[in-house]
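For reference, work-v3.txt (compact mmCIF, N, CA and C atoms):
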```
# COMPACT_ATOMS: atom_id res chain seq x y z
N ARG A 1 -4.75 12.31 8.91
CA ARG A 1 -4.10 12.68 10.15
C ARG A 1 -2.90 13.55 9.87
N GLY A 2 -2.59 14.43 10.74
CA GLY A 2 -1.40 15.24 10.59
C GLY A 2 -0.20 14.58 11.24
N GLY A 3 0.97 15.15 11.05
CA GLY A 3 2.18 14.63 11.69
C GLY A 3 2.88 13.59 10.85
N ALA A 4 3.78 12.88 11.53
CA ALA A 4 4.60 11.89 10.85
C ALA A 4 3.79 10.67 10.45
N LEU A 5 4.21 10.04 9.37
CA LEU A 5 3.56 8.81 8.92
C LEU A 5 4.34 7.63 9.49
N ALA A 6 3.64 6.57 9.83
CA ALA A 6 4.28 5.38 10.36
C ALA A 6 3.56 4.15 9.83
N ALA A 7 4.31 3.09 9.61
CA ALA A 7 3.72 1.84 9.15
C ALA A 7 2.88 1.23 10.26
N LEU A 8 1.74 0.68 9.90
CA LEU A 8 0.87 0.00 10.87
C LEU A 8 1.33 -1.43 11.08
N GLU A 9 1.92 -2.04 10.05
CA GLU A 9 2.40 -3.42 10.10
C GLU A 9 3.60 -3.55 9.19
N GLU A 10 4.30 -4.66 9.31
CA GLU A 10 5.40 -4.95 8.40
C GLU A 10 4.81 -5.27 7.02
N PRO A 11 5.52 -4.92 5.95
CA PRO A 11 5.03 -5.27 4.61
C PRO A 11 4.87 -6.78 4.46
N ALA A 12 3.85 -7.18 3.73
CA ALA A 12 3.60 -8.60 3.50
C ALA A 12 2.83 -8.78 2.21
N ALA A 13 3.05 -9.90 1.56
CA ALA A 13 2.28 -10.25 0.36
C ALA A 13 1.09 -11.08 0.82
N VAL A 14 -0.12 -10.56 0.62
CA VAL A 14 -1.34 -11.26 1.02
C VAL A 14 -2.35 -11.19 -0.10
N GLU A 15 -3.30 -12.08 -0.08
CA GLU A 15 -4.39 -12.03 -1.03
C GLU A 15 -5.20 -10.76 -0.75
N VAL A 16 -5.64 -10.07 -1.80
CA VAL A 16 -6.39 -8.82 -1.61
C VAL A 16 -7.65 -9.05 -0.78
N ALA A 17 -8.26 -10.22 -0.90
CA ALA A 17 -9.47 -10.50 -0.12
C ALA A 17 -9.17 -10.59 1.38
N GLU A 18 -7.92 -10.84 1.75
CA GLU A 18 -7.54 -10.93 3.15
C GLU A 18 -6.88 -9.65 3.66
N ALA A 19 -6.58 -8.72 2.78
CA ALA A 19 -5.83 -7.52 3.15
C ALA A 19 -6.54 -6.67 4.20
N GLY A 20 -7.84 -6.63 4.18
CA GLY A 20 -8.58 -5.82 5.14
C GLY A 20 -8.44 -6.30 6.57
N ARG A 21 -8.14 -7.57 6.77
CA ARG A 21 -8.02 -8.12 8.12
C ARG A 21 -6.90 -7.47 8.92
N GLY A 22 -5.87 -6.99 8.26
CA GLY A 22 -4.73 -6.41 8.96
C GLY A 22 -4.87 -4.93 9.27
N LEU A 23 -5.97 -4.35 8.91
CA LEU A 23 -6.14 -2.91 9.10
C LEU A 23 -6.74 -2.60 10.47
N PRO A 24 -6.39 -1.44 11.04
CA PRO A 24 -7.01 -1.05 12.31
C PRO A 24 -8.45 -0.62 12.06
N SER A 25 -9.26 -0.57 13.11
CA SER A 25 -10.64 -0.13 12.94
C SER A 25 -10.68 1.34 12.57
N GLY A 26 -11.78 1.76 11.95
CA GLY A 26 -11.94 3.11 11.43
C GLY A 26 -12.20 4.13 12.51
N PRO A 27 -12.50 5.34 12.13
CA PRO A 27 -12.91 5.72 10.78
C PRO A 27 -11.72 5.84 9.84
N GLY A 28 -11.98 5.54 8.58
CA GLY A 28 -10.94 5.64 7.57
C GLY A 28 -11.44 5.20 6.23
N ARG A 29 -10.57 5.33 5.25
CA ARG A 29 -10.90 4.96 3.88
C ARG A 29 -9.84 4.05 3.32
N ILE A 30 -10.25 3.15 2.47
CA ILE A 30 -9.33 2.24 1.78
C ILE A 30 -9.28 2.69 0.33
N VAL A 31 -8.09 2.94 -0.17
CA VAL A 31 -7.92 3.47 -1.52
C VAL A 31 -7.07 2.50 -2.34
N GLY A 32 -7.40 2.36 -3.60
CA GLY A 32 -6.60 1.55 -4.51
C GLY A 32 -7.47 0.62 -5.32
N SER A 33 -6.84 -0.06 -6.26
CA SER A 33 -7.60 -0.91 -7.17
C SER A 33 -8.28 -2.08 -6.47
N GLY A 34 -7.78 -2.50 -5.32
CA GLY A 34 -8.40 -3.60 -4.59
C GLY A 34 -9.20 -3.15 -3.39
N ALA A 35 -9.49 -1.86 -3.29
CA ALA A 35 -10.17 -1.31 -2.11
C ALA A 35 -11.51 -1.98 -1.83
N GLY A 36 -12.32 -2.19 -2.84
CA GLY A 36 -13.63 -2.78 -2.64
C GLY A 36 -13.55 -4.19 -2.10
N VAL A 37 -12.61 -4.97 -2.62
CA VAL A 37 -12.45 -6.35 -2.16
C VAL A 37 -11.85 -6.36 -0.75
N ALA A 38 -10.83 -5.54 -0.50
CA ALA A 38 -10.21 -5.49 0.82
C ALA A 38 -11.20 -5.03 1.89
N ALA A 39 -12.10 -4.14 1.53
CA ALA A 39 -13.07 -3.62 2.50
C ALA A 39 -14.01 -4.70 3.02
N ARG A 40 -14.19 -5.78 2.28
CA ARG A 40 -15.09 -6.86 2.71
C ARG A 40 -14.61 -7.52 4.00
N THR A 41 -13.30 -7.54 4.23
CA THR A 41 -12.75 -8.17 5.44
C THR A 41 -12.20 -7.14 6.42
N ALA A 42 -12.38 -5.86 6.12
CA ALA A 42 -11.86 -4.80 6.98
C ALA A 42 -12.74 -4.58 8.20
N PRO A 43 -12.16 -4.06 9.28
CA PRO A 43 -12.96 -3.75 10.47
C PRO A 43 -14.01 -2.67 10.16
N ALA A 44 -14.99 -2.58 11.04
CA ALA A 44 -16.04 -1.57 10.89
C ALA A 44 -15.43 -0.17 10.85
N GLY A 45 -16.04 0.69 10.10
CA GLY A 45 -15.60 2.08 10.03
C GLY A 45 -14.64 2.37 8.89
N LEU A 46 -14.20 1.34 8.17
CA LEU A 46 -13.33 1.54 7.01
C LEU A 46 -14.16 1.34 5.75
N HIS A 47 -14.08 2.29 4.84
CA HIS A 47 -14.92 2.24 3.64
C HIS A 47 -14.06 2.44 2.40
N PRO A 48 -14.33 1.68 1.33
CA PRO A 48 -13.56 1.85 0.09
C PRO A 48 -13.91 3.16 -0.61
N VAL A 49 -12.92 3.75 -1.22
CA VAL A 49 -13.13 4.95 -2.03
C VAL A 49 -13.31 4.49 -3.46
N PRO A 50 -14.44 4.81 -4.09
CA PRO A 50 -14.64 4.42 -5.49
C PRO A 50 -13.56 5.02 -6.38
N ALA A 51 -13.20 4.31 -7.43
CA ALA A 51 -12.16 4.78 -8.34
C ALA A 51 -12.48 6.18 -8.87
N SER A 52 -13.75 6.47 -9.05
CA SER A 52 -14.14 7.79 -9.58
C SER A 52 -13.85 8.91 -8.59
N GLU A 53 -13.64 8.56 -7.31
CA GLU A 53 -13.36 9.56 -6.29
C GLU A 53 -11.93 9.45 -5.75
N ALA A 54 -11.10 8.65 -6.40
CA ALA A 54 -9.73 8.43 -5.92
C ALA A 54 -8.95 9.73 -5.88
N VAL A 55 -7.93 9.73 -5.07
CA VAL A 55 -7.09 10.90 -4.90
C VAL A 55 -6.36 11.21 -6.20
N ASP A 56 -6.32 12.45 -6.58
CA ASP A 56 -5.62 12.91 -7.78
C ASP A 56 -4.11 12.84 -7.54
N ALA A 57 -3.37 12.28 -8.49
CA ALA A 57 -1.93 12.15 -8.37
C ALA A 57 -1.26 13.51 -8.16
N GLU A 58 -1.82 14.56 -8.73
CA GLU A 58 -1.25 15.90 -8.55
C GLU A 58 -1.33 16.33 -7.08
N VAL A 59 -2.42 15.99 -6.41
CA VAL A 59 -2.56 16.33 -4.99
C VAL A 59 -1.52 15.58 -4.17
N VAL A 60 -1.31 14.30 -4.47
CA VAL A 60 -0.31 13.51 -3.77
C VAL A 60 1.08 14.10 -4.02
N ALA A 61 1.37 14.48 -5.26
CA ALA A 61 2.67 15.06 -5.58
C ALA A 61 2.90 16.38 -4.85
N ARG A 62 1.88 17.20 -4.74
CA ARG A 62 2.02 18.47 -4.01
C ARG A 62 2.28 18.22 -2.52
N CYS A 63 1.61 17.24 -1.94
CA CYS A 63 1.86 16.89 -0.53
C CYS A 63 3.30 16.41 -0.35
N ALA A 64 3.75 15.55 -1.25
CA ALA A 64 5.12 15.04 -1.16
C ALA A 64 6.14 16.15 -1.33
N ALA A 65 5.87 17.09 -2.22
CA ALA A 65 6.80 18.20 -2.46
C ALA A 65 6.91 19.12 -1.25
N SER A 66 5.90 19.13 -0.39
CA SER A 66 5.94 19.99 0.79
C SER A 66 6.73 19.37 1.95
N ARG A 67 7.10 18.12 1.82
CA ARG A 67 7.86 17.41 2.86
C ARG A 67 9.36 17.60 2.65
N PRO A 68 10.15 17.45 3.72
CA PRO A 68 11.61 17.54 3.57
C PRO A 68 12.13 16.41 2.67
N VAL A 69 13.21 16.67 1.98
CA VAL A 69 13.83 15.67 1.12
C VAL A 69 14.51 14.63 2.02
N PRO A 70 14.26 13.34 1.81
CA PRO A 70 14.89 12.32 2.65
C PRO A 70 16.40 12.31 2.49
N ALA A 71 17.10 11.85 3.51
CA ALA A 71 18.56 11.80 3.47
C ALA A 71 19.07 10.78 2.46
N ALA A 72 18.32 9.71 2.24
CA ALA A 72 18.73 8.67 1.30
C ALA A 72 17.61 8.45 0.28
N PRO A 73 17.98 8.06 -0.94
CA PRO A 73 16.94 7.79 -1.93
C PRO A 73 16.15 6.54 -1.55
N PRO A 74 14.93 6.41 -2.07
CA PRO A 74 14.15 5.21 -1.76
C PRO A 74 14.81 3.96 -2.33
N ARG A 75 14.57 2.84 -1.68
CA ARG A 75 15.11 1.56 -2.14
C ARG A 75 13.94 0.63 -2.44
N PRO A 76 14.11 -0.28 -3.37
CA PRO A 76 13.02 -1.22 -3.67
C PRO A 76 12.77 -2.14 -2.48
N LEU A 77 11.54 -2.57 -2.33
CA LEU A 77 11.16 -3.50 -1.29
C LEU A 77 10.57 -4.72 -1.97
N TYR A 78 11.25 -5.86 -1.85
CA TYR A 78 10.78 -7.10 -2.45
C TYR A 78 10.14 -7.96 -1.38
N LEU A 79 8.90 -8.40 -1.59
CA LEU A 79 8.19 -9.18 -0.60
C LEU A 79 8.41 -10.68 -0.77
N ARG A 80 9.02 -11.09 -1.84
CA ARG A 80 9.34 -12.50 -2.02
C ARG A 80 10.64 -12.60 -2.79
N ALA A 81 11.28 -13.75 -2.68
CA ALA A 81 12.54 -13.98 -3.38
C ALA A 81 12.29 -14.05 -4.89
N PRO A 82 13.28 -13.65 -5.69
CA PRO A 82 13.09 -13.74 -7.14
C PRO A 82 12.97 -15.19 -7.58
N ASP A 83 12.20 -15.40 -8.65
CA ASP A 83 12.04 -16.77 -9.15
C ASP A 83 12.48 -16.88 -10.61
N ALA A 84 13.30 -15.93 -11.06
CA ALA A 84 13.79 -15.95 -12.44
C ALA A 84 14.75 -17.13 -12.64
N LYS A 85 14.72 -17.70 -13.82
CA LYS A 85 15.60 -18.82 -14.16
C LYS A 85 16.44 -18.43 -15.37
N LEU A 86 17.70 -18.82 -15.35
CA LEU A 86 18.60 -18.62 -16.48
C LEU A 86 18.30 -19.70 -17.53
N PRO A 87 18.74 -19.49 -18.76
CA PRO A 87 18.56 -20.53 -19.77
C PRO A 87 19.16 -21.84 -19.25
N GLY A 88 18.47 -22.92 -19.40
CA GLY A 88 18.92 -24.21 -18.91
C GLY A 88 18.36 -24.56 -17.55
N GLY A 89 17.60 -23.61 -16.95
CA GLY A 89 16.93 -23.90 -15.68
C GLY A 89 17.69 -23.52 -14.42
N ALA A 90 18.92 -22.99 -14.54
CA ALA A 90 19.67 -22.60 -13.34
C ALA A 90 19.06 -21.35 -12.73
N ALA A 91 19.05 -21.27 -11.41
CA ALA A 91 18.51 -20.10 -10.72
C ALA A 91 19.41 -18.89 -10.93
N ALA A 92 18.80 -17.73 -11.11
CA ALA A 92 19.57 -16.48 -11.26
C ALA A 92 19.99 -16.00 -9.90
N GLY A 93 21.09 -15.26 -9.85
CA GLY A 93 21.46 -14.63 -8.60
C GLY A 93 22.69 -15.15 -8.06
```

Would you put the structure from the file into structure tokens?
Amino acid sequence: RGGALAALEEPAAVEVAEAGRGLPSGPGRIVGSGAGVAARTAPAGLHPVPASEAVDAEVVARCAASRPVPAAPPRPLYLRAPDAKLPGGAAAG
């Protein structure tokens, strides 16, 4: 699709086998290492792209380079709280 990109849902950590349930109906393609598994629960009209046909990183980079530079740098998005422990078992942070 052309135009601005927008999130379809809020980010969430889900099992890959359940990831397809949150997608809108197609037509469309599911891309990524879990595409085949996610497609099993996806609505009709969405099809996984085989790894051999995945989008070339150079194509993605060229598309990104054609967009305006964002006002702020990207920030990390953590979907769950950290679970690191300091020596002795104390929680970090």

Step one, run DSSP on the backbone; step two, keep only residues of chain A assigned to helix (DSSP H, G or I); then write them as a PyMOL selection string.
chain A and resi 16-22+35-39+51-53+57-65

Considering only N, CA and C atoms, can you say which of A:Pro43, A:Ala72, A:Val59, A:Gly36 comes closest to Pro24 of chain A?
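Checking each candidate against Pro24 of chain A, we get A:Pro43 as the closest.
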
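Our summary of the geometry notes that atom CA of Val16 of chain A is positioned 13.0 Å from atom CA of Pro48 of chain A.
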
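Running DSSP on the backbone and keeping only strand (DSSP E or B), the residues of chain A that qualify are Gly28, Arg29, Ile30, Leu46, His47, Pro48, Lys85 and Ala91 of chain A.
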
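Atom C of Ala81 of chain A is positioned 23.5 Å from atom N of Gly22 of chain A.
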
For Ser33 of chain A, which residue out of A:Ala51, A:Leu77, A:Pro70, A:Ala12 is the nearest one, using only N, CA and C atoms?
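Going through A:Ala51, A:Leu77, A:Pro70, A:Ala12 one by one, the smallest distance to Ser33 of chain A is for A:Ala51.
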
What gap, in Å, lies between atom C of Thr41 of chain A and atom CA of Arg21 of chain A?
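Result for atom C of Thr41 of chain A versus atom CA of Arg21 of chain A: 4.6 Å, one decimal.
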
Taking (-7.9, -8.3, 0.1) in the file's coordinates, which residues come within 6.5 Å, counting only N, CA and C atoms, written as a ChimeraX atom specification?
/A:14-20,34,37-39

Within 7 Å of Pro27 of chain A, counting all atoms listed in the file, which residues qualify if same-chain residues fewer than 2 places away don't, as an MDAnalysis selection string?
chainID A and resid 25 29 44:47

Using only C-alpha atoms, which of the listed residues (A:Leu79, A:Ala35, A:Val49, A:Ala84) sits closest to Pro11 of chain A?
A:Leu79

Kindly list the centre and edge lengths in Å, rounded to one decimal, for the axis-aligned box that covers all listed atoms of segment 18-35 of chain A plus 3 Å on each of its six sides, as lines of an AutoDock Vina configuration file.
```
center_x = -8.8
center_y = -2.5
center_z = 3.0
size_x = 14.2
size_y = 22.8
size_z = 26.3
```

Incomplete segment 50-61 of chain A brought to all heavy atoms, written out as a PDB file, keeping the file's coordinate frame:
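Result written to part.pdb:
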```
ATOM      1  N   PRO A  50     -14.440   4.810  -4.090  1.00  0.00           N
ATOM      2  CA  PRO A  50     -14.640   4.420  -5.490  1.00  0.00           C
ATOM      3  C   PRO A  50     -13.560   5.020  -6.380  1.00  0.00           C
ATOM      4  O   PRO A  50     -13.046   6.116  -6.102  1.00  0.00           O
ATOM      5  CB  PRO A  50     -16.014   5.001  -5.836  1.00  0.00           C
ATOM      6  CG  PRO A  50     -16.676   5.289  -4.537  1.00  0.00           C
ATOM      7  CD  PRO A  50     -15.575   5.555  -3.557  1.00  0.00           C
ATOM      8  N   ALA A  51     -13.200   4.310  -7.430  1.00  0.00           N
ATOM      9  CA  ALA A  51     -12.160   4.780  -8.340  1.00  0.00           C
ATOM     10  C   ALA A  51     -12.480   6.180  -8.870  1.00  0.00           C
ATOM     11  O   ALA A  51     -11.574   6.993  -9.068  1.00  0.00           O
ATOM     12  CB  ALA A  51     -11.978   3.796  -9.487  1.00  0.00           C
ATOM     13  N   SER A  52     -13.750   6.470  -9.050  1.00  0.00           N
ATOM     14  CA  SER A  52     -14.140   7.790  -9.580  1.00  0.00           C
ATOM     15  C   SER A  52     -13.850   8.910  -8.590  1.00  0.00           C
ATOM     16  O   SER A  52     -13.814  10.074  -8.957  1.00  0.00           O
ATOM     17  CB  SER A  52     -15.624   7.791  -9.950  1.00  0.00           C
ATOM     18  OG  SER A  52     -16.411   7.558  -8.793  1.00  0.00           O
ATOM     19  N   GLU A  53     -13.640   8.560  -7.310  1.00  0.00           N
ATOM     20  CA  GLU A  53     -13.360   9.560  -6.290  1.00  0.00           C
ATOM     21  C   GLU A  53     -11.930   9.450  -5.750  1.00  0.00           C
ATOM     22  O   GLU A  53     -11.600  10.060  -4.733  1.00  0.00           O
ATOM     23  CB  GLU A  53     -14.339   9.402  -5.120  1.00  0.00           C
ATOM     24  CG  GLU A  53     -15.773   9.635  -5.495  1.00  0.00           C
ATOM     25  CD  GLU A  53     -16.704   9.368  -4.323  1.00  0.00           C
ATOM     26  OE1 GLU A  53     -16.261   9.389  -3.174  1.00  0.00           O
ATOM     27  OE2 GLU A  53     -17.897   9.129  -4.587  1.00  0.00           O
ATOM     28  N   ALA A  54     -11.100   8.650  -6.400  1.00  0.00           N
ATOM     29  CA  ALA A  54      -9.730   8.430  -5.920  1.00  0.00           C
ATOM     30  C   ALA A  54      -8.950   9.730  -5.880  1.00  0.00           C
ATOM     31  O   ALA A  54      -9.256  10.691  -6.590  1.00  0.00           O
ATOM     32  CB  ALA A  54      -9.029   7.413  -6.815  1.00  0.00           C
ATOM     33  N   VAL A  55      -7.930   9.730  -5.070  1.00  0.00           N
ATOM     34  CA  VAL A  55      -7.090  10.900  -4.900  1.00  0.00           C
ATOM     35  C   VAL A  55      -6.360  11.210  -6.200  1.00  0.00           C
ATOM     36  O   VAL A  55      -5.829  10.310  -6.857  1.00  0.00           O
ATOM     37  CB  VAL A  55      -6.072  10.669  -3.770  1.00  0.00           C
ATOM     38  CG1 VAL A  55      -5.124  11.840  -3.629  1.00  0.00           C
ATOM     39  CG2 VAL A  55      -6.791  10.417  -2.473  1.00  0.00           C
ATOM     40  N   ASP A  56      -6.320  12.450  -6.580  1.00  0.00           N
ATOM     41  CA  ASP A  56      -5.620  12.910  -7.780  1.00  0.00           C
ATOM     42  C   ASP A  56      -4.110  12.840  -7.540  1.00  0.00           C
ATOM     43  O   ASP A  56      -3.619  13.284  -6.509  1.00  0.00           O
ATOM     44  CB  ASP A  56      -6.054  14.353  -8.066  1.00  0.00           C
ATOM     45  CG  ASP A  56      -5.530  14.886  -9.372  1.00  0.00           C
ATOM     46  OD1 ASP A  56      -4.436  14.486  -9.805  1.00  0.00           O
ATOM     47  OD2 ASP A  56      -6.217  15.732  -9.965  1.00  0.00           O
ATOM     48  N   ALA A  57      -3.370  12.280  -8.490  1.00  0.00           N
ATOM     49  CA  ALA A  57      -1.930  12.150  -8.370  1.00  0.00           C
ATOM     50  C   ALA A  57      -1.260  13.510  -8.160  1.00  0.00           C
ATOM     51  O   ALA A  57      -0.250  13.614  -7.470  1.00  0.00           O
ATOM     52  CB  ALA A  57      -1.360  11.466  -9.610  1.00  0.00           C
ATOM     53  N   GLU A  58      -1.820  14.560  -8.730  1.00  0.00           N
ATOM     54  CA  GLU A  58      -1.250  15.900  -8.550  1.00  0.00           C
ATOM     55  C   GLU A  58      -1.330  16.330  -7.080  1.00  0.00           C
ATOM     56  O   GLU A  58      -0.402  16.929  -6.552  1.00  0.00           O
ATOM     57  CB  GLU A  58      -1.973  16.917  -9.427  1.00  0.00           C
ATOM     58  CG  GLU A  58      -1.382  18.311  -9.308  1.00  0.00           C
ATOM     59  CD  GLU A  58      -2.074  19.336 -10.180  1.00  0.00           C
ATOM     60  OE1 GLU A  58      -2.920  18.959 -11.016  1.00  0.00           O
ATOM     61  OE2 GLU A  58      -1.756  20.520 -10.023  1.00  0.00           O
ATOM     62  N   VAL A  59      -2.420  15.990  -6.410  1.00  0.00           N
ATOM     63  CA  VAL A  59      -2.560  16.330  -4.990  1.00  0.00           C
ATOM     64  C   VAL A  59      -1.520  15.580  -4.170  1.00  0.00           C
ATOM     65  O   VAL A  59      -0.872  16.153  -3.294  1.00  0.00           O
ATOM     66  CB  VAL A  59      -3.993  16.002  -4.493  1.00  0.00           C
ATOM     67  CG1 VAL A  59      -4.108  16.178  -2.983  1.00  0.00           C
ATOM     68  CG2 VAL A  59      -5.014  16.858  -5.217  1.00  0.00           C
ATOM     69  N   VAL A  60      -1.310  14.300  -4.470  1.00  0.00           N
ATOM     70  CA  VAL A  60      -0.310  13.510  -3.770  1.00  0.00           C
ATOM     71  C   VAL A  60       1.080  14.100  -4.020  1.00  0.00           C
ATOM     72  O   VAL A  60       1.888  14.249  -3.091  1.00  0.00           O
ATOM     73  CB  VAL A  60      -0.362  12.033  -4.201  1.00  0.00           C
ATOM     74  CG1 VAL A  60       0.776  11.241  -3.583  1.00  0.00           C
ATOM     75  CG2 VAL A  60      -1.704  11.430  -3.833  1.00  0.00           C
ATOM     76  N   ALA A  61       1.370  14.480  -5.260  1.00  0.00           N
ATOM     77  CA  ALA A  61       2.670  15.060  -5.580  1.00  0.00           C
ATOM     78  C   ALA A  61       2.900  16.380  -4.850  1.00  0.00           C
ATOM     79  O   ALA A  61       3.998  16.641  -4.338  1.00  0.00           O
ATOM     80  CB  ALA A  61       2.789  15.276  -7.092  1.00  0.00           C
TER      81      ALA A  61
END
```
